[in-house]
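Before any comments, here is the structure.
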Amino acid sequence: MKIYWTDFAKVEVKLIYVFLKRGANIAVAKKITKEITDEVKLLINQPYLGQIEQQLIGASREFRSLIYNNYKVIYWINLDKNQIEIWDVFDCRHELLKIKRTK
């Protein structure tokens, strides 16, 4: 399977980078965003690695989530296109505010 990042998810990773760059430094921002994208690459060979996202049951797709550090990656497995689609990435500490936007 291949990984497909939605434009929304790409923007969210960029916002994480900008936030970390301002709050910590550029090295930390690069490190964390690289680690998030590296974690997502695990899905290529293990698409069911993430658990079904309970808060999104009943959405238009069966969303799954992968946790890395304080960050949650929301994705679904598009079998028709043989790809994992990354829909959202956000800080888990803000989960209640952000998880609903994926529906």
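By order in the structure tokens, chains are A, B, ...; within a chain, residues start at 1; ligands start at 1, following the order shown.
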
Could you pull out the residues in region 58-98 of chain A that DSSP calls strand (DSSP E) from the backbone, as a list in words?
Arg64, Ser65, Leu66, Ile67, Tyr68, Tyr71, Lys72, Val73, Ile74, Tyr75, Trp76, Ile77, Asn78, Gln83, Ile84, Glu85, Ile86, Trp87, Asp88, Val89, Phe90 and Asp91 of chain A

Could you write out the selected residues, including N, CA, C and O atoms, as a PDB file, in the first residue's frame?
```
ATOM      1  N   ARG A  64      -9.181   5.032  11.495  1.00  0.00           N
ATOM      2  CA  ARG A  64      -8.276   4.421  12.462  1.00  0.00           C
ATOM      3  C   ARG A  64      -7.369   5.530  12.963  1.00  0.00           C
ATOM      4  O   ARG A  64      -7.246   6.579  12.345  1.00  0.00           O
ATOM      5  N   SER A  65      -6.705   5.268  14.081  1.00  0.00           N
ATOM      6  CA  SER A  65      -5.771   6.271  14.604  1.00  0.00           C
ATOM      7  C   SER A  65      -4.471   5.611  15.038  1.00  0.00           C
ATOM      8  O   SER A  65      -4.453   4.478  15.512  1.00  0.00           O
ATOM      9  N   LEU A  66      -3.439   6.346  14.821  1.00  0.00           N
ATOM     10  CA  LEU A  66      -2.093   5.937  15.183  1.00  0.00           C
ATOM     11  C   LEU A  66      -1.552   7.023  16.101  1.00  0.00           C
ATOM     12  O   LEU A  66      -1.658   8.209  15.785  1.00  0.00           O
ATOM     13  N   ILE A  67      -1.020   6.626  17.235  1.00  0.00           N
ATOM     14  CA  ILE A  67      -0.490   7.594  18.196  1.00  0.00           C
ATOM     15  C   ILE A  67       1.030   7.601  18.116  1.00  0.00           C
ATOM     16  O   ILE A  67       1.662   6.550  18.131  1.00  0.00           O
ATOM     17  N   TYR A  68       1.578   8.803  18.051  1.00  0.00           N
ATOM     18  CA  TYR A  68       3.024   8.962  18.185  1.00  0.00           C
ATOM     19  C   TYR A  68       3.253  10.093  19.171  1.00  0.00           C
ATOM     20  O   TYR A  68       2.834  11.239  18.935  1.00  0.00           O
ATOM     21  N   TYR A  71       0.914  13.054  19.603  1.00  0.00           N
ATOM     22  CA  TYR A  71       0.208  13.327  18.354  1.00  0.00           C
ATOM     23  C   TYR A  71      -0.613  12.131  17.891  1.00  0.00           C
ATOM     24  O   TYR A  71      -0.191  10.994  18.013  1.00  0.00           O
ATOM     25  N   LYS A  72      -1.781  12.433  17.363  1.00  0.00           N
ATOM     26  CA  LYS A  72      -2.662  11.403  16.835  1.00  0.00           C
ATOM     27  C   LYS A  72      -2.795  11.628  15.336  1.00  0.00           C
ATOM     28  O   LYS A  72      -3.042  12.736  14.873  1.00  0.00           O
ATOM     29  N   VAL A  73      -2.650  10.535  14.601  1.00  0.00           N
ATOM     30  CA  VAL A  73      -2.805  10.544  13.152  1.00  0.00           C
ATOM     31  C   VAL A  73      -4.100   9.792  12.853  1.00  0.00           C
ATOM     32  O   VAL A  73      -4.255   8.636  13.246  1.00  0.00           O
ATOM     33  N   ILE A  74      -5.025  10.463  12.176  1.00  0.00           N
ATOM     34  CA  ILE A  74      -6.292   9.850  11.787  1.00  0.00           C
ATOM     35  C   ILE A  74      -6.173   9.439  10.319  1.00  0.00           C
ATOM     36  O   ILE A  74      -5.795  10.249   9.470  1.00  0.00           O
ATOM     37  N   TYR A  75      -6.523   8.184  10.041  1.00  0.00           N
ATOM     38  CA  TYR A  75      -6.411   7.701   8.667  1.00  0.00           C
ATOM     39  C   TYR A  75      -7.494   6.674   8.387  1.00  0.00           C
ATOM     40  O   TYR A  75      -8.180   6.208   9.285  1.00  0.00           O
ATOM     41  N   TRP A  76      -7.643   6.341   7.118  1.00  0.00           N
ATOM     42  CA  TRP A  76      -8.502   5.223   6.726  1.00  0.00           C
ATOM     43  C   TRP A  76      -7.829   4.468   5.607  1.00  0.00           C
ATOM     44  O   TRP A  76      -6.971   5.010   4.905  1.00  0.00           O
ATOM     45  N   ILE A  77      -8.202   3.225   5.481  1.00  0.00           N
ATOM     46  CA  ILE A  77      -7.603   2.345   4.480  1.00  0.00           C
ATOM     47  C   ILE A  77      -8.528   2.329   3.266  1.00  0.00           C
ATOM     48  O   ILE A  77      -9.652   1.828   3.342  1.00  0.00           O
ATOM     49  N   ASN A  78      -8.056   2.871   2.169  1.00  0.00           N
ATOM     50  CA  ASN A  78      -8.825   2.917   0.932  1.00  0.00           C
ATOM     51  C   ASN A  78      -8.393   1.716   0.085  1.00  0.00           C
ATOM     52  O   ASN A  78      -7.410   1.782  -0.652  1.00  0.00           O
ATOM     53  N   GLN A  83      -4.401   2.335  -0.902  1.00  0.00           N
ATOM     54  CA  GLN A  83      -3.635   3.360  -0.200  1.00  0.00           C
ATOM     55  C   GLN A  83      -4.209   3.658   1.181  1.00  0.00           C
ATOM     56  O   GLN A  83      -5.388   3.431   1.436  1.00  0.00           O
ATOM     57  N   ILE A  84      -3.347   4.164   2.030  1.00  0.00           N
ATOM     58  CA  ILE A  84      -3.736   4.649   3.349  1.00  0.00           C
ATOM     59  C   ILE A  84      -3.856   6.154   3.206  1.00  0.00           C
ATOM     60  O   ILE A  84      -2.900   6.810   2.775  1.00  0.00           O
ATOM     61  N   GLU A  85      -5.011   6.688   3.555  1.00  0.00           N
ATOM     62  CA  GLU A  85      -5.239   8.121   3.423  1.00  0.00           C
ATOM     63  C   GLU A  85      -5.157   8.783   4.791  1.00  0.00           C
ATOM     64  O   GLU A  85      -5.958   8.491   5.680  1.00  0.00           O
ATOM     65  N   ILE A  86      -4.189   9.658   4.933  1.00  0.00           N
ATOM     66  CA  ILE A  86      -3.998  10.399   6.179  1.00  0.00           C
ATOM     67  C   ILE A  86      -4.908  11.615   6.131  1.00  0.00           C
ATOM     68  O   ILE A  86      -4.776  12.457   5.248  1.00  0.00           O
ATOM     69  N   TRP A  87      -5.839  11.689   7.093  1.00  0.00           N
ATOM     70  CA  TRP A  87      -6.840  12.750   7.081  1.00  0.00           C
ATOM     71  C   TRP A  87      -6.551  13.866   8.066  1.00  0.00           C
ATOM     72  O   TRP A  87      -6.934  15.004   7.840  1.00  0.00           O
ATOM     73  N   ASP A  88      -5.898  13.561   9.162  1.00  0.00           N
ATOM     74  CA  ASP A  88      -5.695  14.587  10.182  1.00  0.00           C
ATOM     75  C   ASP A  88      -4.520  14.191  11.060  1.00  0.00           C
ATOM     76  O   ASP A  88      -4.222  13.004  11.217  1.00  0.00           O
ATOM     77  N   VAL A  89      -3.862  15.180  11.603  1.00  0.00           N
ATOM     78  CA  VAL A  89      -2.784  14.987  12.569  1.00  0.00           C
ATOM     79  C   VAL A  89      -2.933  16.119  13.587  1.00  0.00           C
ATOM     80  O   VAL A  89      -3.045  17.277  13.201  1.00  0.00           O
ATOM     81  N   PHE A  90      -2.957  15.761  14.856  1.00  0.00           N
ATOM     82  CA  PHE A  90      -3.098  16.802  15.868  1.00  0.00           C
ATOM     83  C   PHE A  90      -2.544  16.340  17.211  1.00  0.00           C
ATOM     84  O   PHE A  90      -2.313  15.155  17.433  1.00  0.00           O
ATOM     85  N   ASP A  91      -2.369  17.302  18.079  1.00  0.00           N
ATOM     86  CA  ASP A  91      -1.888  17.064  19.429  1.00  0.00           C
ATOM     87  C   ASP A  91      -3.011  16.415  20.235  1.00  0.00           C
ATOM     88  O   ASP A  91      -4.112  16.962  20.318  1.00  0.00           O
TER      89      ASP A  91
END
```

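Residues in contact with Lys41 (chain A) at 12 Å, where only C-alpha atoms are counted and same-chain residues fewer than 3 positions away are skipped, are listed as Met1, Lys2, Ile3, Tyr4, Trp5, Lys34, Glu35, Ile36, Thr37, Asp38, Ile44, Asn45, Gln46, Pro47, Leu49, Leu66, Val73, Gln83, Ile84, Glu85 and Ile86 of chain A.
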
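Here CA of Glu39 (chain A) stands at a distance of 13.0 Å from CA of Val13 (chain A).
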
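Here CA of Lys14 (chain A) is placed at a distance of 27.3 Å from CA of Ile57 (chain A).
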
Have a look at CA of Tyr17 (chain A) and CA of Ile32 (chain A) and let me know their distance in Å, one decimal.
7.8 Å

Residues of chain A in helix (DSSP H, G or I), written as a PDB file with N, CA, C and O atoms, in the first residue's frame:
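The resulting file, states-v9.pdb, is shown below:
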```
ATOM      1  N   ASP A   7      -4.550  17.243   1.724  1.00  0.00           N
ATOM      2  CA  ASP A   7      -4.030  18.606   1.879  1.00  0.00           C
ATOM      3  C   ASP A   7      -4.229  19.090   3.308  1.00  0.00           C
ATOM      4  O   ASP A   7      -3.354  19.751   3.878  1.00  0.00           O
ATOM      5  N   PHE A   8      -5.370  18.739   3.895  1.00  0.00           N
ATOM      6  CA  PHE A   8      -5.650  19.148   5.272  1.00  0.00           C
ATOM      7  C   PHE A   8      -4.596  18.600   6.233  1.00  0.00           C
ATOM      8  O   PHE A   8      -4.065  19.316   7.078  1.00  0.00           O
ATOM      9  N   ALA A   9      -4.272  17.317   6.103  1.00  0.00           N
ATOM     10  CA  ALA A   9      -3.276  16.691   6.982  1.00  0.00           C
ATOM     11  C   ALA A   9      -1.900  17.315   6.786  1.00  0.00           C
ATOM     12  O   ALA A   9      -1.161  17.528   7.755  1.00  0.00           O
ATOM     13  N   LYS A  10      -1.548  17.621   5.541  1.00  0.00           N
ATOM     14  CA  LYS A  10      -0.260  18.279   5.270  1.00  0.00           C
ATOM     15  C   LYS A  10      -0.176  19.620   5.979  1.00  0.00           C
ATOM     16  O   LYS A  10       0.859  19.967   6.569  1.00  0.00           O
ATOM     17  N   VAL A  11      -1.266  20.378   5.916  1.00  0.00           N
ATOM     18  CA  VAL A  11      -1.298  21.687   6.585  1.00  0.00           C
ATOM     19  C   VAL A  11      -1.155  21.515   8.092  1.00  0.00           C
ATOM     20  O   VAL A  11      -0.430  22.274   8.754  1.00  0.00           O
ATOM     21  N   GLU A  12      -1.814  20.517   8.644  1.00  0.00           N
ATOM     22  CA  GLU A  12      -1.736  20.295  10.089  1.00  0.00           C
ATOM     23  C   GLU A  12      -0.309  19.952  10.536  1.00  0.00           C
ATOM     24  O   GLU A  12       0.150  20.429  11.576  1.00  0.00           O
ATOM     25  N   VAL A  13       0.402  19.146   9.754  1.00  0.00           N
ATOM     26  CA  VAL A  13       1.799  18.833  10.097  1.00  0.00           C
ATOM     27  C   VAL A  13       2.648  20.110  10.007  1.00  0.00           C
ATOM     28  O   VAL A  13       3.501  20.348  10.854  1.00  0.00           O
ATOM     29  N   LYS A  14       2.376  20.921   9.011  1.00  0.00           N
ATOM     30  CA  LYS A  14       3.107  22.188   8.874  1.00  0.00           C
ATOM     31  C   LYS A  14       2.832  23.093  10.080  1.00  0.00           C
ATOM     32  O   LYS A  14       3.745  23.738  10.599  1.00  0.00           O
ATOM     33  N   LEU A  15       1.580  23.133  10.540  1.00  0.00           N
ATOM     34  CA  LEU A  15       1.245  23.938  11.719  1.00  0.00           C
ATOM     35  C   LEU A  15       1.935  23.413  12.974  1.00  0.00           C
ATOM     36  O   LEU A  15       2.360  24.204  13.828  1.00  0.00           O
ATOM     37  N   ILE A  16       2.041  22.108  13.096  1.00  0.00           N
ATOM     38  CA  ILE A  16       2.783  21.524  14.221  1.00  0.00           C
ATOM     39  C   ILE A  16       4.238  21.976  14.158  1.00  0.00           C
ATOM     40  O   ILE A  16       4.824  22.385  15.165  1.00  0.00           O
ATOM     41  N   TYR A  17       4.812  21.927  12.970  1.00  0.00           N
ATOM     42  CA  TYR A  17       6.193  22.370  12.771  1.00  0.00           C
ATOM     43  C   TYR A  17       6.359  23.831  13.197  1.00  0.00           C
ATOM     44  O   TYR A  17       7.274  24.166  13.958  1.00  0.00           O
ATOM     45  N   VAL A  18       5.476  24.697  12.734  1.00  0.00           N
ATOM     46  CA  VAL A  18       5.561  26.130  13.054  1.00  0.00           C
ATOM     47  C   VAL A  18       5.423  26.347  14.559  1.00  0.00           C
ATOM     48  O   VAL A  18       6.186  27.122  15.160  1.00  0.00           O
ATOM     49  N   PHE A  19       4.478  25.649  15.173  1.00  0.00           N
ATOM     50  CA  PHE A  19       4.274  25.777  16.616  1.00  0.00           C
ATOM     51  C   PHE A  19       5.526  25.354  17.382  1.00  0.00           C
ATOM     52  O   PHE A  19       5.977  26.047  18.294  1.00  0.00           O
ATOM     53  N   LEU A  20       6.098  24.217  17.014  1.00  0.00           N
ATOM     54  CA  LEU A  20       7.296  23.731  17.710  1.00  0.00           C
ATOM     55  C   LEU A  20       8.508  24.621  17.449  1.00  0.00           C
ATOM     56  O   LEU A  20       9.336  24.829  18.342  1.00  0.00           O
ATOM     57  N   LYS A  21       8.602  25.141  16.257  1.00  0.00           N
ATOM     58  CA  LYS A  21       9.714  26.044  15.913  1.00  0.00           C
ATOM     59  C   LYS A  21       9.676  27.291  16.794  1.00  0.00           C
ATOM     60  O   LYS A  21      10.702  27.743  17.286  1.00  0.00           O
ATOM     61  N   ARG A  22       8.475  27.818  16.996  1.00  0.00           N
ATOM     62  CA  ARG A  22       8.325  29.018  17.842  1.00  0.00           C
ATOM     63  C   ARG A  22       8.485  28.688  19.323  1.00  0.00           C
ATOM     64  O   ARG A  22       9.083  29.445  20.070  1.00  0.00           O
ATOM     65  N   GLY A  23       7.895  27.556  19.743  1.00  0.00           N
ATOM     66  CA  GLY A  23       7.885  27.213  21.161  1.00  0.00           C
ATOM     67  C   GLY A  23       9.162  26.571  21.660  1.00  0.00           C
ATOM     68  O   GLY A  23       9.510  26.702  22.826  1.00  0.00           O
ATOM     69  N   ILE A  26      14.051  25.142  15.932  1.00  0.00           N
ATOM     70  CA  ILE A  26      13.921  24.519  14.615  1.00  0.00           C
ATOM     71  C   ILE A  26      14.334  23.041  14.630  1.00  0.00           C
ATOM     72  O   ILE A  26      13.729  22.218  13.954  1.00  0.00           O
ATOM     73  N   ALA A  27      15.337  22.705  15.434  1.00  0.00           N
ATOM     74  CA  ALA A  27      15.796  21.310  15.497  1.00  0.00           C
ATOM     75  C   ALA A  27      14.695  20.409  16.064  1.00  0.00           C
ATOM     76  O   ALA A  27      14.443  19.314  15.543  1.00  0.00           O
ATOM     77  N   VAL A  28      14.035  20.860  17.107  1.00  0.00           N
ATOM     78  CA  VAL A  28      12.944  20.092  17.706  1.00  0.00           C
ATOM     79  C   VAL A  28      11.785  19.975  16.715  1.00  0.00           C
ATOM     80  O   VAL A  28      11.204  18.904  16.545  1.00  0.00           O
ATOM     81  N   ALA A  29      11.461  21.059  16.042  1.00  0.00           N
ATOM     82  CA  ALA A  29      10.373  21.055  15.066  1.00  0.00           C
ATOM     83  C   ALA A  29      10.650  20.050  13.953  1.00  0.00           C
ATOM     84  O   ALA A  29       9.770  19.258  13.581  1.00  0.00           O
ATOM     85  N   LYS A  30      11.853  20.053  13.427  1.00  0.00           N
ATOM     86  CA  LYS A  30      12.218  19.105  12.366  1.00  0.00           C
ATOM     87  C   LYS A  30      12.170  17.670  12.873  1.00  0.00           C
ATOM     88  O   LYS A  30      11.666  16.772  12.198  1.00  0.00           O
ATOM     89  N   LYS A  31      12.711  17.456  14.062  1.00  0.00           N
ATOM     90  CA  LYS A  31      12.775  16.117  14.637  1.00  0.00           C
ATOM     91  C   LYS A  31      11.375  15.528  14.832  1.00  0.00           C
ATOM     92  O   LYS A  31      11.095  14.402  14.396  1.00  0.00           O
ATOM     93  N   ILE A  32      10.498  16.278  15.468  1.00  0.00           N
ATOM     94  CA  ILE A  32       9.159  15.766  15.777  1.00  0.00           C
ATOM     95  C   ILE A  32       8.352  15.531  14.500  1.00  0.00           C
ATOM     96  O   ILE A  32       7.719  14.482  14.345  1.00  0.00           O
ATOM     97  N   THR A  33       8.377  16.472  13.557  1.00  0.00           N
ATOM     98  CA  THR A  33       7.590  16.280  12.333  1.00  0.00           C
ATOM     99  C   THR A  33       8.148  15.124  11.502  1.00  0.00           C
ATOM    100  O   THR A  33       7.377  14.376  10.892  1.00  0.00           O
ATOM    101  N   LYS A  34       9.453  14.938  11.510  1.00  0.00           N
ATOM    102  CA  LYS A  34      10.035  13.793  10.806  1.00  0.00           C
ATOM    103  C   LYS A  34       9.610  12.488  11.480  1.00  0.00           C
ATOM    104  O   LYS A  34       9.267  11.512  10.818  1.00  0.00           O
ATOM    105  N   GLU A  35       9.632  12.474  12.797  1.00  0.00           N
ATOM    106  CA  GLU A  35       9.232  11.264  13.520  1.00  0.00           C
ATOM    107  C   GLU A  35       7.758  10.926  13.286  1.00  0.00           C
ATOM    108  O   GLU A  35       7.407   9.751  13.166  1.00  0.00           O
ATOM    109  N   ILE A  36       6.907  11.935  13.188  1.00  0.00           N
ATOM    110  CA  ILE A  36       5.490  11.691  12.896  1.00  0.00           C
ATOM    111  C   ILE A  36       5.368  11.048  11.515  1.00  0.00           C
ATOM    112  O   ILE A  36       4.685  10.031  11.349  1.00  0.00           O
ATOM    113  N   THR A  37       6.039  11.620  10.522  1.00  0.00           N
ATOM    114  CA  THR A  37       5.938  11.065   9.163  1.00  0.00           C
ATOM    115  C   THR A  37       6.587   9.684   9.071  1.00  0.00           C
ATOM    116  O   THR A  37       6.093   8.819   8.347  1.00  0.00           O
ATOM    117  N   ASP A  38       7.650   9.465   9.823  1.00  0.00           N
ATOM    118  CA  ASP A  38       8.268   8.131   9.847  1.00  0.00           C
ATOM    119  C   ASP A  38       7.325   7.098  10.466  1.00  0.00           C
ATOM    120  O   ASP A  38       7.255   5.957   9.995  1.00  0.00           O
ATOM    121  N   GLU A  39       6.608   7.488  11.501  1.00  0.00           N
ATOM    122  CA  GLU A  39       5.650   6.591  12.135  1.00  0.00           C
ATOM    123  C   GLU A  39       4.541   6.213  11.153  1.00  0.00           C
ATOM    124  O   GLU A  39       4.131   5.056  11.085  1.00  0.00           O
ATOM    125  N   VAL A  40       4.098   7.182  10.384  1.00  0.00           N
ATOM    126  CA  VAL A  40       3.055   6.926   9.382  1.00  0.00           C
ATOM    127  C   VAL A  40       3.541   5.916   8.344  1.00  0.00           C
ATOM    128  O   VAL A  40       2.762   5.079   7.871  1.00  0.00           O
ATOM    129  N   LYS A  41       4.807   5.934   8.014  1.00  0.00           N
ATOM    130  CA  LYS A  41       5.357   5.008   7.019  1.00  0.00           C
ATOM    131  C   LYS A  41       5.220   3.547   7.452  1.00  0.00           C
ATOM    132  O   LYS A  41       5.203   2.650   6.614  1.00  0.00           O
ATOM    133  N   LEU A  42       5.087   3.300   8.741  1.00  0.00           N
ATOM    134  CA  LEU A  42       4.875   1.934   9.228  1.00  0.00           C
ATOM    135  C   LEU A  42       3.583   1.344   8.666  1.00  0.00           C
ATOM    136  O   LEU A  42       3.454   0.127   8.520  1.00  0.00           O
ATOM    137  N   LEU A  43       2.640   2.211   8.343  1.00  0.00           N
ATOM    138  CA  LEU A  43       1.345   1.753   7.832  1.00  0.00           C
ATOM    139  C   LEU A  43       1.447   1.124   6.447  1.00  0.00           C
ATOM    140  O   LEU A  43       0.552   0.382   6.045  1.00  0.00           O
ATOM    141  N   ILE A  44       2.494   1.413   5.715  1.00  0.00           N
ATOM    142  CA  ILE A  44       2.666   0.853   4.369  1.00  0.00           C
ATOM    143  C   ILE A  44       2.579  -0.673   4.416  1.00  0.00           C
ATOM    144  O   ILE A  44       1.893  -1.293   3.606  1.00  0.00           O
ATOM    145  N   GLN A  54     -12.707   5.114  17.999  1.00  0.00           N
ATOM    146  CA  GLN A  54     -14.021   4.956  18.611  1.00  0.00           C
ATOM    147  C   GLN A  54     -14.879   6.214  18.511  1.00  0.00           C
ATOM    148  O   GLN A  54     -16.091   6.134  18.354  1.00  0.00           O
ATOM    149  N   GLN A  55     -14.257   7.364  18.599  1.00  0.00           N
ATOM    150  CA  GLN A  55     -15.012   8.618  18.560  1.00  0.00           C
ATOM    151  C   GLN A  55     -15.522   8.958  17.165  1.00  0.00           C
ATOM    152  O   GLN A  55     -16.305   9.881  17.005  1.00  0.00           O
ATOM    153  N   LEU A  56     -15.078   8.196  16.166  1.00  0.00           N
ATOM    154  CA  LEU A  56     -15.518   8.457  14.789  1.00  0.00           C
ATOM    155  C   LEU A  56     -16.336   7.299  14.203  1.00  0.00           C
ATOM    156  O   LEU A  56     -16.588   7.257  13.005  1.00  0.00           O
ATOM    157  N   CYS A  92      -2.759  15.260  20.801  1.00  0.00           N
ATOM    158  CA  CYS A  92      -3.776  14.519  21.569  1.00  0.00           C
ATOM    159  C   CYS A  92      -4.302  15.316  22.756  1.00  0.00           C
ATOM    160  O   CYS A  92      -5.419  15.083  23.206  1.00  0.00           O
ATOM    161  N   ARG A  93      -3.521  16.234  23.238  1.00  0.00           N
ATOM    162  CA  ARG A  93      -3.970  17.015  24.389  1.00  0.00           C
ATOM    163  C   ARG A  93      -5.126  17.929  24.022  1.00  0.00           C
ATOM    164  O   ARG A  93      -5.788  18.468  24.889  1.00  0.00           O
ATOM    165  N   HIS A  94      -5.383  18.089  22.716  1.00  0.00           N
ATOM    166  CA  HIS A  94      -6.512  18.897  22.242  1.00  0.00           C
ATOM    167  C   HIS A  94      -7.545  18.025  21.540  1.00  0.00           C
ATOM    168  O   HIS A  94      -8.362  18.514  20.781  1.00  0.00           O
ATOM    169  N   GLU A  95      -7.518  16.743  21.807  1.00  0.00           N
ATOM    170  CA  GLU A  95      -8.327  15.766  21.079  1.00  0.00           C
ATOM    171  C   GLU A  95      -9.815  16.091  21.061  1.00  0.00           C
ATOM    172  O   GLU A  95     -10.447  16.035  20.018  1.00  0.00           O
ATOM    173  N   LEU A  96     -10.394  16.423  22.174  1.00  0.00           N
ATOM    174  CA  LEU A  96     -11.832  16.653  22.213  1.00  0.00           C
ATOM    175  C   LEU A  96     -12.257  17.778  21.287  1.00  0.00           C
ATOM    176  O   LEU A  96     -13.345  17.758  20.724  1.00  0.00           O
ATOM    177  N   LEU A  97     -11.392  18.755  21.113  1.00  0.00           N
ATOM    178  CA  LEU A  97     -11.717  19.873  20.233  1.00  0.00           C
ATOM    179  C   LEU A  97     -11.537  19.528  18.763  1.00  0.00           C
ATOM    180  O   LEU A  97     -12.219  20.059  17.908  1.00  0.00           O
ATOM    181  N   LYS A  98     -10.616  18.624  18.451  1.00  0.00           N
ATOM    182  CA  LYS A  98     -10.242  18.418  17.064  1.00  0.00           C
ATOM    183  C   LYS A  98     -10.743  17.124  16.436  1.00  0.00           C
ATOM    184  O   LYS A  98     -10.874  17.062  15.216  1.00  0.00           O
ATOM    185  N   ILE A  99     -11.031  16.115  17.206  1.00  0.00           N
ATOM    186  CA  ILE A  99     -11.398  14.823  16.615  1.00  0.00           C
ATOM    187  C   ILE A  99     -12.678  14.918  15.788  1.00  0.00           C
ATOM    188  O   ILE A  99     -12.797  14.285  14.752  1.00  0.00           O
ATOM    189  N   LYS A 100     -13.620  15.711  16.181  1.00  0.00           N
ATOM    190  CA  LYS A 100     -14.906  15.818  15.502  1.00  0.00           C
ATOM    191  C   LYS A 100     -14.784  16.429  14.112  1.00  0.00           C
ATOM    192  O   LYS A 100     -15.628  16.229  13.269  1.00  0.00           O
ATOM    193  N   ARG A 101     -13.734  17.179  13.841  1.00  0.00           N
ATOM    194  CA  ARG A 101     -13.603  17.842  12.535  1.00  0.00           C
ATOM    195  C   ARG A 101     -13.321  16.841  11.421  1.00  0.00           C
ATOM    196  O   ARG A 101     -13.438  17.174  10.261  1.00  0.00           O
ATOM    197  N   THR A 102     -12.962  15.625  11.772  1.00  0.00           N
ATOM    198  CA  THR A 102     -12.637  14.614  10.775  1.00  0.00           C
ATOM    199  C   THR A 102     -13.896  14.008  10.156  1.00  0.00           C
ATOM    200  O   THR A 102     -13.844  13.513   9.052  1.00  0.00           O
TER     201      THR A 102
END
```
